[in-house]
Amino acid sequence: MLSTIQPTRFLPLRTLTTVTASASSSSVADHSPPTSTATSPCPPSSQILSLRHSLISRQFTAVQLAESFLDRVRLTEPVLRSFLHVAESHVLEEARLLDRRIENGESLGPLAGVFVGVKDNICTADMPSTGGSRILEGYRVAYDATAVRKIRELGGIVVGKTNLDEFGMGSTTEGSGYQVTANPWDVSRVPGGSSGGSAAAVSARQCVVALGSDTGGSVRQPASFCGVVGLKPTYGRVSRYGLMAYASSLDVIGCFGSSVLDTAILLGAISGFDRLDATSSKRGVPDFTSELNPVSILGAKPLEGLRVGIIRETLDGGVDPAVVGVIKSAASHLEDLGCIVNEVSLPSFALGLPAYYILASSESSSNLSRYDGVRYGSQAIADDLNALYGDSRAKGLGSEVKMRILMGTYALSAGYYDAYYKRAQQVRTIIQKSFKAALDENDILISPATPSAAYKIGEKKNDPLAMYAGDVTTVNVNLAGLPALVVPSGFVDGGSSGLPVGLQMIGAAFDEEKILKVGHIFEQTLEGCRFVPPVFRDEVAFQW
């Protein structure tokens, strides 16, 4: 297929020194590697700062680090299938160039030596960009998406393109036109979707951070399933140029990391106005890491007086009681940190799911019309133009994509526009107003990121309504255009050592700083949890 991974070469294990420090600090503290027990109290540390320290101190060369990451990919990829394409030669060449820059005493960008996974619906000039669809098999773009370009300009190294549900339409990666990705916590379960490949890659430490896209929860749901940090920025915070359009009024490029600090660093790298995207905001980009300080310098109640509203409608009606228990424990932890936690009712919350699927399907029916076998991708052999269009789409597009195109076309058709699309837009306005009212009374809102932990591969594949219902806690945030952060908050029964559950923190528009600060303090003070999949702790090419 698209993967260029070579046979595994088992190299000696390497140990990287971990760090816990503010991103704005130039000092880096050394710590012993965490233990392999599932209940280690060691909080997440910044892998970006750790790599930078290792390079600057000459503890490792960039080539050594690159080889270690590639070894890990070779070792884990046959089981996980996180990547559709791995740019092995490119990674090593970029590492050699970085080593020469270090030897010459040149200044390094903030992402120098950071290995990044990129969801395959985000364009890259030197790798295939398929959107997870057979209709774009082998397709190569002539340019980088703005987010990818910014990462490379700051020294980041793109490892490869991660798997996804076709064009971002799905919640499991089972909708990929190429392969199904497995969850690192239990390879018989889904990693979530549609950015499941990116989430699984970060969870298994195949890369340091990764880009995903979030139209209705496609960053936050897999982050919860895979036990990593996932951030959906405010609509307009990050340029969408180079992101394959699914639902243009909802799509955003988001970030994955193994810690809030790494996620914040990545967000800062890709944010900002872009003249190539008319929907990108001209607001200034703050330093998202400025308040992510080590817990050791904080007081006993570092979030004293912060008003937190827990959304009542997300604690019943189809949400797993075990998940509700984890979220209530997380709310208690926030209270211990000084927060004032109260229940908040959003009566329009239940309306979000049907409104979302009408709007997203309607926009997709327009956006995906470009895939006709003429301008992009695979082309069927046919005797006339209409047959060429029809055959190319029939053979190249998957069943879920076809279904959503048909639903969207129906909703936009004469006689049904007012009953479906127009009404859904009216519901969207109601949801936006209800969120604004709730956030006027609270600093942040919290909820489960998903109604359940990761489920078995194939369990919901033939029940699309059950799969769509899994988006109930996330789609409203996209309809409102707000930022949301998911942080691992605990475990429920399942797999060999439990399955992770994520806490969703929702902020006001362009207030990513606040939810990142809360998320950072939350993860650094959460005790008894280590969110590294046990099956990969001892088999990886180096430990974190």
# chains A, B, ... in the order shown; residues from 1 in each chain; ligands from 1
$ select_by_dssp --residues "stretch 243-478 of chain A" --states "helix (DSSP H, G or I)" --output "ChimeraX atom specification"
/A:260-270,295-297,312-314,321-336,349-370,385-396,399-412,418-441,464-469,475-478
$ residues_around --residues "A:Val228" --least-positions-apart "4" --cutoff "9 Å" --atoms "only C-alpha atoms" --output "list of chain:residue names"
A:Ala199, A:Ala200, A:Val202, A:Ser203, A:Pro222, A:Ala223, A:Ser224, A:Phe256, A:Gly257, A:Ser258, A:Ser259, A:Val486, A:Val487, A:Pro488, A:Pro500, A:Gly502, A:Phe531, A:Val532
$ residues_around --residues "stretch 374-387 of chain A" --least-positions-apart "5" --cutoff "9 Å" --atoms "only C-alpha atoms" --output "list in words"
Thr130, Arg134, Ile135, Leu136, Glu137, Gly138, Tyr139, Ser392, Arg393, Lys395 and Gly396 of chain A
$ write_last_selection --atoms "N, CA, C and O atoms" --output "PDB file, in the first residue's frame"
ATOM      1  N   THR A 130      -4.095  11.466   0.532  1.00  0.00           N
ATOM      2  CA  THR A 130      -5.216  10.688  -0.007  1.00  0.00           C
ATOM      3  C   THR A 130      -6.552  10.961   0.662  1.00  0.00           C
ATOM      4  O   THR A 130      -7.585  10.537   0.146  1.00  0.00           O
ATOM      5  N   ARG A 134      -9.850   5.932  -1.632  1.00  0.00           N
ATOM      6  CA  ARG A 134      -9.294   5.289  -2.823  1.00  0.00           C
ATOM      7  C   ARG A 134      -9.381   6.193  -4.048  1.00  0.00           C
ATOM      8  O   ARG A 134      -8.603   6.030  -4.992  1.00  0.00           O
ATOM      9  N   ILE A 135     -10.284   7.149  -4.029  1.00  0.00           N
ATOM     10  CA  ILE A 135     -10.407   8.014  -5.203  1.00  0.00           C
ATOM     11  C   ILE A 135      -9.190   8.923  -5.339  1.00  0.00           C
ATOM     12  O   ILE A 135      -8.909   9.443  -6.427  1.00  0.00           O
ATOM     13  N   LEU A 136      -8.426   9.104  -4.249  1.00  0.00           N
ATOM     14  CA  LEU A 136      -7.202   9.901  -4.291  1.00  0.00           C
ATOM     15  C   LEU A 136      -5.953   9.039  -4.091  1.00  0.00           C
ATOM     16  O   LEU A 136      -4.907   9.539  -3.686  1.00  0.00           O
ATOM     17  N   GLU A 137      -6.060   7.768  -4.384  1.00  0.00           N
ATOM     18  CA  GLU A 137      -4.920   6.873  -4.187  1.00  0.00           C
ATOM     19  C   GLU A 137      -3.714   7.352  -5.002  1.00  0.00           C
ATOM     20  O   GLU A 137      -3.798   7.580  -6.210  1.00  0.00           O
ATOM     21  N   GLY A 138      -2.600   7.542  -4.294  1.00  0.00           N
ATOM     22  CA  GLY A 138      -1.372   7.985  -4.953  1.00  0.00           C
ATOM     23  C   GLY A 138      -1.319   9.470  -5.261  1.00  0.00           C
ATOM     24  O   GLY A 138      -0.329   9.951  -5.818  1.00  0.00           O
ATOM     25  N   TYR A 139      -2.339  10.216  -4.900  1.00  0.00           N
ATOM     26  CA  TYR A 139      -2.399  11.644  -5.244  1.00  0.00           C
ATOM     27  C   TYR A 139      -1.352  12.433  -4.462  1.00  0.00           C
ATOM     28  O   TYR A 139      -1.199  12.267  -3.260  1.00  0.00           O
ATOM     29  N   SER A 392     -16.289   6.701 -11.634  1.00  0.00           N
ATOM     30  CA  SER A 392     -15.150   7.113 -10.811  1.00  0.00           C
ATOM     31  C   SER A 392     -15.564   7.257  -9.354  1.00  0.00           C
ATOM     32  O   SER A 392     -14.863   6.807  -8.442  1.00  0.00           O
ATOM     33  N   ARG A 393     -16.719   7.867  -9.120  1.00  0.00           N
ATOM     34  CA  ARG A 393     -17.194   8.047  -7.746  1.00  0.00           C
ATOM     35  C   ARG A 393     -17.664   6.730  -7.139  1.00  0.00           C
ATOM     36  O   ARG A 393     -17.421   6.464  -5.959  1.00  0.00           O
ATOM     37  N   LYS A 395     -16.584   3.712  -7.744  1.00  0.00           N
ATOM     38  CA  LYS A 395     -15.444   2.853  -7.426  1.00  0.00           C
ATOM     39  C   LYS A 395     -14.501   3.485  -6.406  1.00  0.00           C
ATOM     40  O   LYS A 395     -13.841   2.769  -5.642  1.00  0.00           O
ATOM     41  N   GLY A 396     -14.432   4.819  -6.388  1.00  0.00           N
ATOM     42  CA  GLY A 396     -13.431   5.485  -5.561  1.00  0.00           C
ATOM     43  C   GLY A 396     -13.894   5.892  -4.180  1.00  0.00           C
ATOM     44  O   GLY A 396     -13.075   6.041  -3.273  1.00  0.00           O
TER      45      GLY A 396
END
$ closest_residue --among "A:Asp471, A:Glu103, A:Glu441, A:Asp71" --to "A:Tyr357" --atoms "only C-alpha atoms"
A:Asp471
$ atom_distance --atom1 "atom CA of A:Leu211" --atom2 "atom CA of A:Leu75"
22.1 Å
$ select_by_dssp --residues "stretch 279-465 of chain A" --states "strand (DSSP E)" --output "list in words"
Arg307, Val308, Gly309, Ile310, Ile311, Ile340, Val341, Asn342, Glu343, Val344, Ile444, Leu445, Ile446, Ser447 and Pro448 of chain A
$ write_last_selection --atoms "all heavy atoms" --output "CSV table (one decimal), in the first residue's frame"
chain,number,residue,atom,x,y,z
A,307,ARG,N,-14.6,29.4,38.0
A,307,ARG,CA,-16.0,28.9,37.9
A,307,ARG,C,-16.1,27.9,36.8
A,307,ARG,O,-15.8,28.2,35.6
A,307,ARG,CB,-16.9,30.1,37.6
A,307,ARG,CG,-16.9,31.2,38.7
A,307,ARG,CD,-17.7,32.4,38.2
A,307,ARG,NE,-17.0,32.9,37.0
A,307,ARG,CZ,-17.6,33.8,36.2
A,307,ARG,NH1,-18.8,34.3,36.4
A,307,ARG,NH2,-16.9,34.3,35.1
A,308,VAL,N,-16.5,26.7,37.2
A,308,VAL,CA,-16.6,25.6,36.2
A,308,VAL,C,-18.0,25.1,36.2
A,308,VAL,O,-18.6,24.7,37.2
A,308,VAL,CB,-15.6,24.4,36.6
A,308,VAL,CG1,-15.8,23.2,35.7
A,308,VAL,CG2,-14.2,24.9,36.7
A,309,GLY,N,-18.6,25.0,35.0
A,309,GLY,CA,-19.9,24.5,34.8
A,309,GLY,C,-19.9,23.1,34.2
A,309,GLY,O,-19.3,22.9,33.1
A,310,ILE,N,-20.4,22.1,34.9
A,310,ILE,CA,-20.5,20.7,34.3
A,310,ILE,C,-21.8,20.6,33.6
A,310,ILE,O,-22.9,20.8,34.2
A,310,ILE,CB,-20.2,19.7,35.4
A,310,ILE,CG1,-20.2,18.3,34.8
A,310,ILE,CG2,-21.2,19.8,36.5
A,310,ILE,CD1,-19.7,17.2,35.7
A,311,ILE,N,-21.8,20.3,32.3
A,311,ILE,CA,-23.0,20.2,31.5
A,311,ILE,C,-23.9,19.1,31.9
A,311,ILE,O,-23.5,17.9,31.7
A,311,ILE,CB,-22.7,20.2,30.0
A,311,ILE,CG1,-21.8,21.4,29.6
A,311,ILE,CG2,-24.0,20.2,29.2
A,311,ILE,CD1,-21.3,21.4,28.2
A,340,ILE,N,-14.8,26.4,41.6
A,340,ILE,CA,-16.2,26.3,42.1
A,340,ILE,C,-17.0,25.6,41.0
A,340,ILE,O,-17.1,26.2,39.9
A,340,ILE,CB,-16.7,27.7,42.3
A,340,ILE,CG1,-15.9,28.5,43.3
A,340,ILE,CG2,-18.2,27.7,42.7
A,340,ILE,CD1,-16.2,30.0,43.4
A,341,VAL,N,-17.4,24.4,41.2
A,341,VAL,CA,-18.0,23.6,40.2
A,341,VAL,C,-19.5,23.5,40.5
A,341,VAL,O,-20.0,23.2,41.6
A,341,VAL,CB,-17.4,22.1,40.2
A,341,VAL,CG1,-18.1,21.3,39.2
A,341,VAL,CG2,-15.9,22.2,40.0
A,342,ASN,N,-20.3,23.8,39.4
A,342,ASN,CA,-21.7,23.8,39.5
A,342,ASN,C,-22.3,23.1,38.2
A,342,ASN,O,-21.7,23.2,37.2
A,342,ASN,CB,-22.3,25.2,39.6
A,342,ASN,CG,-22.0,25.9,40.9
A,342,ASN,OD1,-22.4,25.4,42.0
A,342,ASN,ND2,-21.2,27.0,40.8
A,343,GLU,N,-23.5,22.5,38.3
A,343,GLU,CA,-24.1,22.0,37.2
A,343,GLU,C,-24.7,23.1,36.3
A,343,GLU,O,-25.2,24.1,36.9
A,343,GLU,CB,-25.2,21.0,37.5
A,343,GLU,CG,-24.7,19.6,37.8
A,343,GLU,CD,-25.8,18.5,37.8
A,343,GLU,OE1,-26.9,18.9,37.6
A,343,GLU,OE2,-25.5,17.3,38.0
A,344,VAL,N,-24.6,23.0,35.0
A,344,VAL,CA,-25.2,23.9,34.1
A,344,VAL,C,-26.1,23.2,33.1
A,344,VAL,O,-25.7,22.1,32.6
A,344,VAL,CB,-24.1,24.7,33.3
A,344,VAL,CG1,-24.7,25.6,32.2
A,344,VAL,CG2,-23.2,25.5,34.3
A,444,ILE,N,-15.1,28.1,32.4
A,444,ILE,CA,-15.1,27.0,31.4
A,444,ILE,C,-16.2,26.1,31.7
A,444,ILE,O,-16.9,26.1,32.8
A,444,ILE,CB,-13.7,26.2,31.5
A,444,ILE,CG1,-13.6,25.5,32.9
A,444,ILE,CG2,-12.5,27.1,31.3
A,444,ILE,CD1,-12.5,24.4,32.9
A,445,LEU,N,-16.5,25.3,30.7
A,445,LEU,CA,-17.5,24.2,30.9
A,445,LEU,C,-16.8,22.9,30.7
A,445,LEU,O,-15.8,22.8,30.0
A,445,LEU,CB,-18.6,24.3,29.8
A,445,LEU,CG,-19.4,25.6,29.7
A,445,LEU,CD1,-20.4,25.6,28.6
A,445,LEU,CD2,-20.1,25.9,31.0
A,446,ILE,N,-17.3,21.8,31.4
A,446,ILE,CA,-16.7,20.5,31.3
A,446,ILE,C,-17.8,19.5,31.0
A,446,ILE,O,-19.0,19.7,31.3
A,446,ILE,CB,-15.9,20.1,32.6
A,446,ILE,CG1,-16.8,20.0,33.8
A,446,ILE,CG2,-14.8,21.1,32.8
A,446,ILE,CD1,-16.2,19.5,35.0
A,447,SER,N,-17.3,18.4,30.4
A,447,SER,CA,-18.2,17.3,30.1
A,447,SER,C,-17.4,16.1,29.7
A,447,SER,O,-16.2,16.2,29.5
A,447,SER,CB,-19.1,17.6,28.9
A,447,SER,OG,-18.4,17.5,27.7
A,448,PRO,N,-18.0,14.9,29.6
A,448,PRO,CA,-17.3,13.8,29.1
A,448,PRO,C,-16.9,14.1,27.6
A,448,PRO,O,-17.7,14.8,26.9
A,448,PRO,CB,-18.2,12.6,29.1
A,448,PRO,CG,-19.3,13.0,30.1
A,448,PRO,CD,-19.4,14.5,30.0
$ atom_distance --atom1 "atom CA of A:Ala210" --atom2 "atom CA of A:Thr172"
17.4 Å
$ closest_atom_pairs --of "stretch 108-223 of chain A" --to "stretch 397-403 of chain A" --cutoff "12 Å" --atoms "only C-alpha atoms" --output "CSV"
residue,atom,partner,partner_atom,distance
A:Thr130,CA,A:Leu397,CA,11.6
A:Gly131,CA,A:Leu397,CA,10.9
A:Gly132,CA,A:Gly398,CA,9.8
A:Ser133,CA,A:Leu397,CA,6.5
A:Arg134,CA,A:Leu397,CA,6.5
A:Ile135,CA,A:Leu397,CA,6.0
A:Leu136,CA,A:Leu397,CA,9.3
A:Glu137,CA,A:Leu397,CA,10.9
A:Asp165,CA,A:Glu400,CA,9.2
A:Glu166,CA,A:Val401,CA,7.1
A:Phe167,CA,A:Val401,CA,7.8
A:Gly168,CA,A:Val401,CA,9.2
A:Met169,CA,A:Val401,CA,6.7
A:Gly170,CA,A:Glu400,CA,7.7
A:Ser171,CA,A:Glu400,CA,11.1
A:Thr173,CA,A:Glu400,CA,11.6
A:Glu174,CA,A:Glu400,CA,10.2
A:Gly175,CA,A:Glu400,CA,7.1
A:Ser176,CA,A:Gly398,CA,8.2
A:Gly177,CA,A:Gly398,CA,6.8
A:Tyr178,CA,A:Gly398,CA,10.5
$ atom_distance --atom1 "atom CA of A:Trp185" --atom2 "atom CA of A:Leu334"
26.1 Å
$ closest_residue --among "A:Lys282, A:Val114, A:Leu485, A:Glu94" --to "A:His53" --atoms "only C-alpha atoms"
A:Val114
$ closest_residue --among "A:Ala330, A:Val208, A:Val252, A:Met467" --to "A:Gln504" --atoms "only C-alpha atoms"
A:Ala330
$ residues_around --residues "A:Val260" --least-positions-apart "3" --cutoff "9 Å" --atoms "only C-alpha atoms" --output "ChimeraX atom specification"
/A:44-46,229-231,256-257,263-265,292,485,487,516-517,519-520,523
$ closest_atom_pairs --of "stretch 274-343 of chain A" --to "stretch 236-247 of chain A" --cutoff "9 Å" --atoms "only C-alpha atoms" --output "Markdown table"
| residue | atom | partner | partner_atom | distance |
| --- | --- | --- | --- | --- |
| A:Asp274 | CA | A:Ser239 | CA | 5.9 |
| A:Arg275 | CA | A:Ser239 | CA | 8.9 |
| A:Leu276 | CA | A:Tyr241 | CA | 6.2 |
| A:Asp277 | CA | A:Tyr241 | CA | 5.6 |
| A:Ala278 | CA | A:Ser239 | CA | 8.7 |
| A:Thr279 | CA | A:Gly236 | CA | 5.6 |
| A:Ser280 | CA | A:Gly236 | CA | 4.1 |
| A:Ser281 | CA | A:Gly236 | CA | 4.9 |
| A:Lys282 | CA | A:Arg237 | CA | 8.5 |
| A:Arg283 | CA | A:Arg237 | CA | 8.1 |
| A:Val285 | CA | A:Arg237 | CA | 8.4 |
$ closest_residue --among "A:Val295, A:Leu346, A:Val324, A:Val91" --to "A:Ser68" --atoms "only C-alpha atoms"
A:Val91
